[in-house]
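**Student:** input04.txt is reproduced below (compact mmCIF, C-alpha atoms and all ligand atoms).
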```txt
# COMPACT_ATOMS: atom_id res chain seq x y z
CA MET A 1 -5.99 -15.48 18.54
CA GLU A 2 -4.36 -12.57 20.38
CA ASN A 3 -6.11 -9.59 22.02
CA PHE A 4 -6.64 -6.66 19.67
CA ASN A 5 -8.18 -3.24 19.09
CA PHE A 6 -9.77 -2.49 15.75
CA TYR A 7 -10.60 1.10 14.85
CA SER A 8 -11.46 2.00 11.28
CA PRO A 9 -13.77 5.00 11.27
CA THR A 10 -13.60 5.91 7.56
CA TYR A 11 -16.90 6.56 5.73
CA PHE A 12 -16.86 4.87 2.31
CA ALA A 13 -18.88 6.04 -0.69
CA PHE A 14 -18.55 3.34 -3.35
CA GLY A 15 -19.71 3.16 -6.97
CA LYS A 16 -20.26 5.03 -10.20
CA ASP A 17 -20.24 8.86 -10.16
CA ARG A 18 -19.71 9.01 -6.39
CA GLU A 19 -17.03 11.74 -6.77
CA ARG A 20 -19.94 14.12 -7.36
CA ASP A 21 -20.77 13.73 -3.64
CA CYS A 22 -17.41 15.05 -2.45
CA GLY A 23 -18.66 18.57 -1.68
CA ASP A 24 -21.38 17.23 0.61
CA LEU A 25 -18.95 14.82 2.25
CA VAL A 26 -16.37 17.54 2.95
CA LYS A 27 -19.17 19.58 4.53
CA LYS A 28 -20.40 16.59 6.55
CA PHE A 29 -16.92 16.23 8.04
CA GLY A 30 -16.52 19.91 8.87
CA GLY A 31 -14.39 21.24 6.00
CA ASN A 32 -14.72 24.88 4.85
CA ARG A 33 -11.37 25.61 3.18
CA VAL A 34 -9.99 22.68 1.24
CA LEU A 35 -6.61 21.84 -0.23
CA ILE A 36 -7.17 19.66 -3.32
CA HIS A 37 -4.01 17.57 -3.66
CA TYR A 38 -3.29 15.53 -6.80
CA GLY A 39 -0.56 13.91 -8.87
CA GLY A 40 1.17 14.32 -12.18
CA GLY A 41 -1.87 15.00 -14.34
CA SER A 42 -4.02 11.87 -14.85
CA ALA A 43 -6.81 13.32 -12.68
CA ILE A 44 -6.79 16.54 -14.69
CA ARG A 45 -6.76 14.78 -18.07
CA SER A 46 -9.69 12.54 -17.11
CA GLY A 47 -11.80 15.57 -16.08
CA LEU A 48 -11.97 14.30 -12.49
CA ILE A 49 -10.50 17.47 -10.95
CA ASP A 50 -13.13 19.57 -12.75
CA ARG A 51 -15.92 17.36 -11.37
CA VAL A 52 -14.42 17.66 -7.88
CA LYS A 53 -14.27 21.47 -8.11
CA ASP A 54 -17.83 21.53 -9.42
CA SER A 55 -19.03 19.50 -6.44
CA LEU A 56 -17.14 21.72 -3.96
CA ASN A 57 -18.54 24.87 -5.60
CA LYS A 58 -22.07 23.50 -5.37
CA ALA A 59 -21.57 22.84 -1.66
CA GLY A 60 -20.19 26.37 -1.19
CA ILE A 61 -16.74 25.20 -0.12
CA ALA A 62 -13.64 27.28 -0.84
CA PHE A 63 -10.57 25.49 -2.18
CA ILE A 64 -6.98 25.84 -3.33
CA GLU A 65 -4.93 23.29 -5.28
CA LEU A 66 -1.53 21.64 -5.09
CA GLY A 67 -0.67 19.12 -7.80
CA GLY A 68 2.56 17.42 -8.81
CA VAL A 69 2.78 14.47 -6.41
CA MET A 70 5.19 11.92 -7.88
CA PRO A 71 4.94 8.16 -7.44
CA ASN A 72 7.02 7.40 -4.31
CA PRO A 73 5.99 10.83 -2.97
CA ARG A 74 8.72 13.21 -1.86
CA SER A 75 9.26 15.30 1.25
CA GLY A 76 9.81 18.53 -0.75
CA LEU A 77 6.20 18.79 -1.88
CA VAL A 78 5.02 17.90 1.63
CA TYR A 79 6.89 20.92 3.05
CA GLU A 80 5.37 23.07 0.30
CA GLY A 81 1.88 21.77 1.13
CA ILE A 82 2.35 22.42 4.86
CA ASP A 83 3.36 26.06 4.19
CA LEU A 84 0.39 26.50 1.87
CA CYS A 85 -2.12 25.06 4.35
CA ARG A 86 -0.83 27.32 7.13
CA LYS A 87 -0.79 30.43 4.94
CA GLU A 88 -4.25 29.81 3.48
CA LYS A 89 -5.78 28.54 6.73
CA VAL A 90 -6.85 25.28 5.13
CA ASP A 91 -9.03 23.10 7.37
CA PHE A 92 -9.47 19.97 5.20
CA VAL A 93 -7.16 18.08 2.81
CA LEU A 94 -8.75 16.29 -0.14
CA ALA A 95 -6.50 13.78 -1.93
CA VAL A 96 -7.46 12.95 -5.52
CA GLY A 97 -5.31 10.13 -6.85
CA GLY A 98 -3.49 6.97 -5.82
CA GLY A 99 -1.54 5.91 -2.76
CA SER A 100 1.22 8.44 -3.43
CA VAL A 101 -1.20 11.38 -3.48
CA ILE A 102 -3.07 10.13 -0.42
CA ASP A 103 0.17 9.56 1.52
CA SER A 104 1.44 13.02 0.61
CA ALA A 105 -1.93 14.49 1.70
CA LYS A 106 -1.68 12.63 5.01
CA ALA A 107 1.82 14.00 5.63
CA ILE A 108 0.65 17.53 4.85
CA ALA A 109 -2.43 17.15 7.06
CA ALA A 110 -0.33 15.94 10.00
CA GLY A 111 2.53 18.39 9.44
CA SER A 112 0.30 21.46 9.15
CA ILE A 113 -0.78 21.33 12.79
CA TYR A 114 2.52 20.05 14.22
CA GLU A 115 5.13 22.47 15.51
CA GLY A 116 8.13 20.29 14.75
CA ASP A 117 9.41 18.77 11.50
CA PHE A 118 6.81 16.46 9.90
CA TRP A 119 9.61 13.92 9.30
CA ASP A 120 9.53 13.15 13.07
CA PHE A 121 6.42 11.07 12.28
CA TYR A 122 8.40 9.04 9.75
CA GLN A 123 10.99 8.29 12.41
CA GLY A 124 8.52 6.63 14.73
CA LYS A 125 6.40 9.38 16.34
CA PHE A 126 2.73 8.27 16.39
CA ILE A 127 0.36 10.65 14.55
CA GLU A 128 -2.35 11.58 17.05
CA LYS A 129 -3.75 14.61 15.24
CA ALA A 130 -3.99 15.95 11.73
CA LEU A 131 -6.26 18.10 9.63
CA PRO A 132 -9.21 15.98 8.48
CA ILE A 133 -8.54 14.11 5.22
CA GLY A 134 -10.85 12.89 2.45
CA THR A 135 -9.77 10.78 -0.52
CA ILE A 136 -11.01 10.14 -4.04
CA LEU A 137 -9.15 7.02 -5.13
CA THR A 138 -8.01 6.50 -8.73
CA ILE A 139 -5.96 3.28 -8.39
CA ALA A 140 -6.65 0.13 -6.39
CA ALA A 141 -3.31 -0.70 -4.80
CA ALA A 142 -1.84 0.82 -1.65
CA GLY A 143 -4.96 0.70 0.51
CA SER A 144 -4.13 4.13 1.91
CA GLU A 145 -7.79 5.11 1.47
CA GLY A 146 -8.64 3.03 4.54
CA SER A 147 -5.36 2.88 6.42
CA GLY A 148 -3.73 4.91 9.15
CA ASP A 149 -0.41 4.79 7.30
CA SER A 150 1.59 7.03 5.00
CA VAL A 151 4.86 6.36 3.18
CA ILE A 152 7.12 9.26 2.11
CA THR A 153 10.57 9.43 0.52
CA ASN A 154 12.89 11.97 2.10
CA GLU A 155 14.93 13.59 -0.66
CA ASN A 156 17.71 14.08 1.83
CA GLY A 157 19.31 10.65 1.23
CA MET A 158 16.35 9.17 -0.69
CA ILE A 159 15.11 7.33 2.39
CA LYS A 160 11.61 5.87 2.16
CA ARG A 161 9.82 5.46 5.47
CA GLY A 162 6.31 4.97 6.84
CA ALA A 163 4.37 6.82 9.53
CA THR A 164 1.27 5.67 11.31
CA GLY A 165 -1.52 6.96 13.51
CA ASP A 166 -5.28 7.19 13.86
CA GLY A 167 -5.01 10.93 13.17
CA ILE A 168 -4.40 10.29 9.47
CA ARG A 169 -7.20 7.80 8.85
CA PRO A 170 -9.35 9.40 6.15
CA LYS A 171 -12.70 10.77 7.32
CA PHE A 172 -14.18 9.61 4.05
CA SER A 173 -13.00 7.81 0.92
CA ILE A 174 -14.79 7.81 -2.41
CA LEU A 175 -14.23 4.63 -4.40
CA ASN A 176 -15.54 4.76 -7.97
CA PRO A 177 -14.18 1.75 -9.90
CA GLU A 178 -14.79 3.58 -13.19
CA LEU A 179 -12.01 6.00 -12.29
CA THR A 180 -9.51 3.13 -12.40
CA ALA A 181 -10.43 2.14 -15.98
CA SER A 182 -7.91 4.62 -17.43
CA LEU A 183 -5.00 2.86 -15.72
CA PRO A 184 -2.50 1.26 -18.10
CA ALA A 185 -1.99 -2.52 -17.83
CA TYR A 186 1.35 -2.19 -16.02
CA GLN A 187 0.02 0.13 -13.32
CA THR A 188 -3.05 -2.11 -12.91
CA ALA A 189 -0.80 -5.13 -12.38
CA CYS A 190 1.35 -3.21 -9.89
CA GLY A 191 -1.81 -2.52 -7.90
CA ILE A 192 -2.90 -6.16 -7.97
CA THR A 193 0.56 -7.18 -6.73
CA ASP A 194 0.55 -4.66 -3.88
CA ILE A 195 -2.87 -5.85 -2.70
CA ILE A 196 -1.69 -9.47 -2.72
CA ALA A 197 1.42 -8.41 -0.78
CA HIS A 198 -0.67 -6.71 1.92
CA LEU A 199 -2.52 -9.99 2.35
CA TYR A 200 0.62 -12.16 2.51
CA GLU A 201 2.25 -9.78 5.04
CA ARG A 202 -0.66 -10.55 7.36
CA TYR A 203 -0.96 -14.23 6.47
CA LEU A 204 2.65 -14.90 7.50
CA THR A 205 2.11 -15.02 11.22
CA ASN A 206 3.43 -16.85 14.26
CA SER A 207 0.06 -16.55 16.05
CA LYS A 208 -1.87 -19.78 16.47
CA ASP A 209 -5.58 -20.45 15.85
CA VAL A 210 -6.34 -17.44 13.67
CA GLU A 211 -8.70 -19.33 11.40
CA VAL A 212 -11.15 -16.50 10.70
CA THR A 213 -8.46 -14.11 9.43
CA ASP A 214 -6.63 -16.95 7.63
CA ARG A 215 -9.82 -17.75 5.72
CA LEU A 216 -10.58 -14.09 4.96
CA ILE A 217 -7.08 -13.56 3.59
CA GLU A 218 -7.24 -16.72 1.49
CA SER A 219 -10.56 -15.66 -0.05
CA LEU A 220 -9.16 -12.22 -0.84
CA ILE A 221 -6.03 -13.59 -2.53
CA LEU A 222 -8.22 -16.00 -4.46
CA THR A 223 -10.39 -13.05 -5.53
CA MET A 224 -7.31 -11.14 -6.67
CA LYS A 225 -6.14 -14.16 -8.66
CA ILE A 226 -9.49 -14.52 -10.47
CA GLU A 227 -10.54 -10.87 -10.84
CA GLY A 228 -6.95 -9.84 -11.53
CA LYS A 229 -6.81 -12.17 -14.51
CA LYS A 230 -10.16 -10.84 -15.77
CA VAL A 231 -9.10 -7.22 -15.58
CA MET A 232 -5.77 -7.90 -17.30
CA GLU A 233 -7.73 -9.45 -20.17
CA ASP A 234 -10.15 -6.51 -20.32
CA LEU A 235 -8.95 -3.33 -18.64
CA LYS A 236 -12.44 -1.82 -18.88
CA ASN A 237 -14.18 -4.66 -17.00
CA TYR A 238 -16.17 -2.67 -14.41
CA GLN A 239 -17.14 -5.60 -12.19
CA ALA A 240 -13.60 -6.92 -11.99
CA ARG A 241 -12.33 -3.38 -11.25
CA ALA A 242 -15.02 -3.03 -8.55
CA ASN A 243 -14.08 -6.28 -6.84
CA ILE A 244 -10.39 -5.40 -6.93
CA MET A 245 -11.02 -1.91 -5.59
CA TRP A 246 -12.93 -3.13 -2.55
CA ALA A 247 -10.47 -5.99 -1.99
CA GLY A 248 -7.65 -3.40 -1.96
CA MET A 249 -9.35 -1.53 0.86
CA VAL A 250 -10.22 -4.64 2.87
CA ALA A 251 -6.69 -5.98 2.43
CA HIS A 252 -5.13 -3.01 4.18
CA ASN A 253 -7.49 -1.40 6.72
CA ASN A 254 -6.30 -4.26 8.96
CA ILE A 255 -9.60 -6.07 9.42
CA VAL A 256 -7.80 -9.19 8.17
CA GLY A 257 -4.73 -8.51 10.31
CA VAL A 258 -6.23 -8.40 13.77
CA GLY A 259 -5.42 -10.86 16.55
CA ARG A 260 -2.23 -12.08 14.91
CA SER A 261 1.41 -11.08 14.47
CA GLN A 262 2.29 -9.83 10.98
CA ASP A 263 5.42 -9.91 8.84
CA TRP A 264 6.14 -6.82 6.62
CA ALA A 265 9.63 -8.03 5.65
CA SER A 266 8.74 -7.93 1.94
CA HIS A 267 7.61 -4.31 2.26
CA ASP A 268 10.73 -3.25 4.17
CA ILE A 269 12.99 -4.96 1.63
CA GLU A 270 11.00 -3.52 -1.30
CA HIS A 271 10.95 0.04 0.04
CA GLU A 272 14.75 0.16 -0.39
CA LEU A 273 14.31 -0.76 -4.07
CA SER A 274 11.65 1.83 -4.88
CA ALA A 275 13.59 4.46 -2.92
CA LEU A 276 16.88 3.83 -4.75
CA TYR A 277 15.66 2.97 -8.27
CA ASP A 278 12.28 4.78 -8.23
CA CYS A 279 10.55 1.64 -9.51
CA ALA A 280 6.83 1.13 -8.85
CA HIS A 281 6.17 -0.29 -5.37
CA GLY A 282 4.06 -3.17 -6.80
CA ALA A 283 6.74 -4.09 -9.32
CA GLY A 284 9.34 -4.18 -6.56
CA LEU A 285 7.09 -6.42 -4.48
CA ALA A 286 6.64 -8.85 -7.39
CA VAL A 287 10.37 -9.52 -7.30
CA THR A 288 10.73 -9.32 -3.53
CA MET A 289 7.89 -11.55 -2.33
CA PRO A 290 8.93 -14.87 -3.93
CA ALA A 291 12.51 -14.33 -2.71
CA VAL A 292 11.45 -13.59 0.88
CA PHE A 293 9.04 -16.53 0.94
CA THR A 294 11.62 -18.91 -0.53
CA TYR A 295 14.11 -17.81 2.15
CA ASN A 296 11.59 -18.07 4.99
CA CYS A 297 9.71 -21.19 3.85
CA SER A 298 11.38 -23.63 6.21
CA HIS A 299 10.35 -21.49 9.24
CA ASP A 300 6.76 -22.75 8.89
CA ILE A 301 6.35 -25.18 6.02
CA MET A 302 2.73 -26.00 6.88
CA ARG A 303 1.68 -22.33 6.64
CA PHE A 304 3.13 -22.06 3.14
CA ALA A 305 1.66 -25.46 2.24
CA GLN A 306 -1.77 -24.39 3.51
CA ILE A 307 -1.93 -21.34 1.25
CA ALA A 308 -0.50 -23.37 -1.64
CA VAL A 309 -3.42 -25.78 -1.37
CA ARG A 310 -6.24 -23.39 -0.44
CA VAL A 311 -5.34 -20.55 -2.83
CA TRP A 312 -2.98 -21.78 -5.53
CA GLY A 313 -4.66 -25.13 -6.16
CA CYS A 314 -1.60 -27.27 -5.32
CA GLN A 315 -2.03 -30.90 -4.24
CA MET A 316 -0.94 -31.56 -0.66
CA ASP A 317 2.01 -33.96 -0.58
CA PHE A 318 1.73 -35.40 2.94
CA ALA A 319 5.01 -37.22 2.61
CA ASN A 320 6.79 -34.05 1.56
CA PRO A 321 4.84 -30.89 2.57
CA GLU A 322 7.86 -28.70 1.78
CA LYS A 323 7.40 -29.63 -1.88
CA THR A 324 3.79 -28.35 -1.72
CA ALA A 325 4.87 -25.21 0.14
CA ARG A 326 7.48 -24.37 -2.50
CA GLU A 327 5.03 -25.13 -5.34
CA GLY A 328 2.71 -22.49 -3.87
CA ILE A 329 5.50 -19.91 -3.89
CA GLU A 330 6.29 -20.79 -7.53
CA ALA A 331 2.57 -20.49 -8.41
CA LEU A 332 2.54 -16.99 -6.94
CA ARG A 333 5.68 -16.09 -8.92
CA SER A 334 4.15 -17.44 -12.19
CA PHE A 335 0.91 -15.52 -11.58
CA LEU A 336 2.79 -12.25 -11.07
CA ILE A 337 4.86 -12.78 -14.20
CA SER A 338 1.68 -13.71 -16.15
CA ILE A 339 0.16 -10.29 -15.37
CA GLY A 340 3.30 -8.54 -16.65
CA MET A 341 5.31 -7.98 -13.50
CA PRO A 342 9.13 -8.16 -13.50
CA GLY A 343 10.72 -11.40 -12.33
CA ASN A 344 14.21 -10.36 -11.26
CA PHE A 345 16.61 -7.59 -10.22
CA GLU A 346 17.61 -6.68 -13.76
CA GLU A 347 14.03 -6.26 -14.98
CA LEU A 348 13.48 -3.92 -12.06
CA GLY A 349 16.53 -1.81 -12.92
CA ALA A 350 18.29 -2.86 -9.70
CA LYS A 351 22.05 -3.55 -9.50
CA GLU A 352 23.90 -6.42 -7.84
CA GLU A 353 26.69 -4.12 -6.64
CA ASP A 354 24.17 -2.18 -4.50
CA ILE A 355 23.05 -5.23 -2.48
CA GLU A 356 25.21 -4.59 0.59
CA LYS A 357 24.11 -0.96 0.75
CA LEU A 358 20.43 -1.87 0.24
CA ALA A 359 20.54 -4.47 3.01
CA HIS A 360 22.42 -2.13 5.34
CA THR A 361 19.90 0.72 4.93
CA CYS A 362 17.03 -1.72 5.27
CA CYS A 363 18.27 -3.07 8.61
CA HIS A 364 20.10 -0.10 10.10
CA GLY A 365 18.83 2.99 8.28
CA ASN A 366 16.94 5.88 9.73
CA GLY A 367 16.33 4.99 13.33
CA ASN A 368 16.13 1.17 13.11
CA LYS A 369 18.02 0.45 16.31
CA SER A 370 17.40 -3.31 16.38
CA GLY A 371 19.23 -3.95 13.10
CA LYS A 372 16.51 -6.47 12.26
CA ILE A 373 13.31 -6.58 10.21
CA GLY A 374 10.41 -9.01 9.86
CA GLY A 375 7.69 -10.17 12.20
CA PHE A 376 7.51 -13.73 10.86
CA VAL A 377 11.22 -14.51 10.72
CA SER A 378 13.62 -12.05 12.31
CA LEU A 379 16.04 -11.06 9.54
CA GLU A 380 19.47 -9.48 10.00
CA GLN A 381 21.52 -7.71 7.35
CA LYS A 382 23.16 -10.96 6.20
CA ASP A 383 19.73 -12.55 5.69
CA VAL A 384 18.46 -9.53 3.76
CA GLU A 385 21.58 -9.62 1.56
CA ALA A 386 20.89 -13.30 0.83
CA ILE A 387 17.28 -12.45 -0.06
CA TYR A 388 18.38 -9.72 -2.49
CA ARG A 389 20.73 -12.30 -4.06
CA LEU A 390 17.76 -14.65 -4.63
CA MET A 391 16.29 -11.89 -6.81
CA LEU A 392 19.26 -11.81 -9.26
O1 LIG B 401 0.41 11.10 -10.93
P1 LIG B 401 -0.64 10.70 -11.90
O2 LIG B 401 -0.61 11.45 -13.16
O3 LIG B 401 -2.00 10.68 -11.28
O4 LIG B 401 -0.29 9.18 -12.36
C1 LIG B 401 -0.30 8.08 -11.46
C2 LIG B 401 1.09 7.53 -11.18
O5 LIG B 401 1.96 7.78 -12.25
C3 LIG B 401 -0.97 6.93 -12.16
N1 LIG B 401 -2.41 6.90 -11.99
C4 LIG B 401 -3.12 6.87 -10.83
N2 LIG B 401 -4.42 6.76 -11.09
C5 LIG B 401 -4.55 6.73 -12.44
C6 LIG B 401 -3.28 6.82 -13.03
N3 LIG B 401 -3.08 6.81 -14.36
C7 LIG B 401 -4.18 6.70 -15.15
N4 LIG B 401 -5.42 6.57 -14.66
C8 LIG B 401 -5.66 6.58 -13.33
N5 LIG B 401 -6.89 6.42 -12.85
O6 LIG B 401 -0.45 5.77 -11.52
C9 LIG B 401 0.88 6.03 -11.12
C10 LIG B 401 1.11 5.44 -9.75
O7 LIG B 401 0.36 6.11 -8.77
P2 LIG B 401 0.68 5.88 -7.22
O8 LIG B 401 -0.22 6.75 -6.44
O9 LIG B 401 2.15 6.02 -7.00
O10 LIG B 401 0.31 4.35 -7.03
P3 LIG B 401 -0.07 3.51 -5.76
O11 LIG B 401 -1.48 3.72 -5.38
O12 LIG B 401 0.39 2.16 -6.05
O13 LIG B 401 0.80 4.14 -4.56
C11 LIG B 401 2.12 3.75 -4.35
C12 LIG B 401 2.67 4.40 -3.11
O14 LIG B 401 1.94 3.98 -1.94
C13 LIG B 401 2.87 3.52 -0.97
C14 LIG B 401 3.96 2.94 -1.81
O15 LIG B 401 5.16 2.73 -1.10
C15 LIG B 401 4.11 3.99 -2.89
O16 LIG B 401 4.88 5.09 -2.44
N6 LIG B 401 2.19 2.63 -0.02
C16 LIG B 401 1.36 3.19 0.87
C17 LIG B 401 0.69 2.46 1.85
C18 LIG B 401 -0.21 3.09 2.83
N7 LIG B 401 -0.22 4.40 2.90
O17 LIG B 401 -0.91 2.44 3.60
C19 LIG B 401 0.89 1.01 1.95
C20 LIG B 401 1.53 0.40 0.75
O18 LIG B 401 2.15 -0.79 1.14
C21 LIG B 401 2.54 1.24 0.06
O19 LIG B 401 3.80 1.14 0.66
ZN ZN B 402 2.24 -2.12 -0.30
```
Could you render the structure as structure tokens?
Ligand code: NZQ
Ligand code: ZN
**Tutor:**
Amino acid sequence: MENFNFYSPTYFAFGKDRERDCGDLVKKFGGNRVLIHYGGGSAIRSGLIDRVKDSLNKAGIAFIELGGVMPNPRSGLVYEGIDLCRKEKVDFVLAVGGGSVIDSAKAIAAGSIYEGDFWDFYQGKFIEKALPIGTILTIAAAGSEGSGDSVITNENGMIKRGATGDGIRPKFSILNPELTASLPAYQTACGITDIIAHLYERYLTNSKDVEVTDRLIESLILTMKIEGKKVMEDLKNYQARANIMWAGMVAHNNIVGVGRSQDWASHDIEHELSALYDCAHGAGLAVTMPAVFTYNCSHDIMRFAQIAVRVWGCQMDFANPEKTAREGIEALRSFLISIGMPGNFEELGAKEEDIEKLAHTCCHGNGNKSGKIGGFVSLEQKDVEAIYRLML
């Protein structure tokens, strides 16, 4: 295990009706003038925004609103939010929605108190400071409710990039699994896939003797496999939704990623797909992960064989461990297809003729000076092109 720091100061309020506590929580963390930030309407239709306003009113907290965040959130609304926060002297940003809303809120919170262009953060500048952020999560997926990350698409070139920093870790996050019961099956499955991807990105490591985090990750993927199946059979299953919601947080606040190198090749390769074709991030990952793992399998056959046995129930073939390793990758692929995820480029709306461009942007776009991606296997443009071809 390698040396590490772990800092995850978010306060979590979990369970039924907890959104009614948001006024008190904003107050606890010093907010007086709040920007309520939300998406395309699901939080209004469900009555959640009204409950949030009610709670803020009861706590005597002033607020303004900015809705309209799109999935794969865009820079245009971030600039609008920054102007609004400055003009209205907002001192707290409250995100009500999924990863897209939370990421947009994080960008606004960081950009509002930064003199330069907020996009600097998405080109590698660490986010030290931001307005305090609270979240009320409505979809278990991205893990942004507990992470110090934000992913935004710049409309100038449709480039999707991430920023990071302790400044944008939410002060509090409210996780009420009931709020996720209105999610359609497809969106639910996209969330399950994203959570599994966050776990694999950390599992695929070159660090030795990381048994505790290996075992935690395996138990979380196993949980997603079992609870994911339950929720796809009954979208209103509260207990399954609750387990998935907490797993989504644990998968991405990095408690299972400490002391080890991580991969993130699948995410980098997927981000090009959701940027260009505006597909759901989880759907893109469902197609990307099996291709990346198939390509990288020979780099560490025993690691892929280990997860195949411990999570996917494959029998270890000691004479031919590569067979076991590849069976595990196929079991993952079958599971993702069984919950309704796409299985190839065409089902995603992606085009073969774009492969060279996708791979080029992935490896060389927007400030990537090394021309390489991946912490598990170092991948150059030709490798990434080959991976996209495995998705055809
Ligand atoms: O906009 P509304 O109307 O709210 O509809 C949303 C949206 O269309 C809908 N939805 C959310 N909660 C709902 C609901 N519909 C009915 N009932 C509910 N309770 O779901 C759709 C997708 O929402 P979105 O926020 O885009 O989903 P998700 O949470 O999967 O976020 C995806 C974004 O997060 C980024 C992804 O790249 C993508 O842009 N990621 C962020 C990360 C982070 N900050 O740490 C890490 C991830 O790897 C990921 O890259
Ligand atoms: Zn993700």
**Student:** List every residue of chain A that has an atom at most 6 Å from any atom of ligand ZN 402 (chain B), and for each one report the closest atom pair and its distance in Å to one decimal, counting only C-alpha atoms and all ligand atoms, with rows sorted by chain and then by increasing residue number, as a Markdown table.
**Tutor:**
```
| residue | atom | partner | partner_atom | distance |
| --- | --- | --- | --- | --- |
| A:Ala142 | CA | B:ZN402 | ZN | 5.2 |
| A:Asp194 | CA | B:ZN402 | ZN | 4.7 |
| A:His198 | CA | B:ZN402 | ZN | 5.9 |
```
**Student:** Enumerate residues in contact with ligand LIG 401 (chain B): an atom-to-atom distance of at most 8 Å, counting all atoms listed in the file. Format the result as a PyMOL selection string.
**Tutor:** chain A and resi 38-43+46+68-73+97-103+137-153+160+162+179-184+187+190-191+194+197-198+252+267+271+274+280-282
**Student:** Select, from A:Tyr277, A:Tyr114, A:Tyr200, A:Trp312, the residue with the minimum atom-to-atom distance to Ile82 of chain A, counting only C-alpha atoms.
**Tutor:**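 Answer, going by the shortest atom-to-atom distance: A:Tyr114.
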**Student:** Using only C-alpha atoms, find the one residue out of A:Tyr203, A:Gly124, A:Asn243, A:Ile387 that sits nearest to Lys369 of chain A.
**Tutor:**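 Smallest distance to Lys369 of chain A is found for A:Gly124.
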**Student:** Using all atoms listed in the file, which residues sit within 10 Å of Ile61 of chain A once same-chain residues fewer than 5 positions away are excluded, as a list of chain:residue names?
**Tutor:**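 Residues near the query, excluding close chain neighbours: A:Gly23, A:Asp24, A:Val26, A:Lys27, A:Gly31, A:Asn32, A:Arg33, A:Val34, A:Lys53, A:Ser55, A:Leu56.
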**Student:** Step by step: start from the point (3.6, -21.9, 6.5) in the file's coordinates, keep every protein, DNA or RNA residue that has an atom no farther than 10 Å from it, count all atoms listed in the file, and write the set as a PyMOL selection string.
**Tutor:** chain A and resi 203-206+293+296-308+321-322+325
**Student:** Hey, can you check how far atom CA of Glu178 of chain A sits from atom CA of Thr10 of chain A?
**Tutor:**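 Atom CA of Thr10 of chain A lies 20.9 Å from atom CA of Glu178 of chain A.
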**Student:** Please return as a PyMOL selection string every residue within 10 Å of (5.2, -6.8, 16.2), taking into account only C-alpha atoms and the file's own coordinates.
**Tutor:** chain A and resi 260-264+374-376
**Student:** Would you compute the distance between atom CA of Met1 of chain A and atom CA of Gly248 of chain A? Give it in Å to one decimal.
**Tutor:**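 Separation of atom CA of Met1 of chain A and atom CA of Gly248 of chain A: 23.9 Å.
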**Student:** Between A:Gly111, A:Gly349, A:Gly134, A:Gly257, which one has atoms that come closest to Leu77 of chain A, using all atoms listed in the file?
**Tutor:**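 For Leu77 of chain A, the nearest of the given residues is A:Gly111.
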**Student:** For atom CA of Lys89 of chain A and atom CA of Arg161 of chain A, quote the distance in Å rounded to one decimal.
**Tutor:**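 So the answer is 27.9 Å.
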**Student:** Leaving out Glu233 of chain A and any residue of its chain fewer than 4 positions from it, which residues lie within 12 Å of it when counting only C-alpha atoms, given as a PyMOL selection string?
**Tutor:** chain A and resi 185+188-189+226-229+237+240-241+338-340
**Student:** My list of candidates is A:Gly157, A:Gly116, A:Gly15, A:Gly365. Which is closest to Ser75 of chain A when distances are computed with only C-alpha atoms?
**Tutor:** A:Gly157
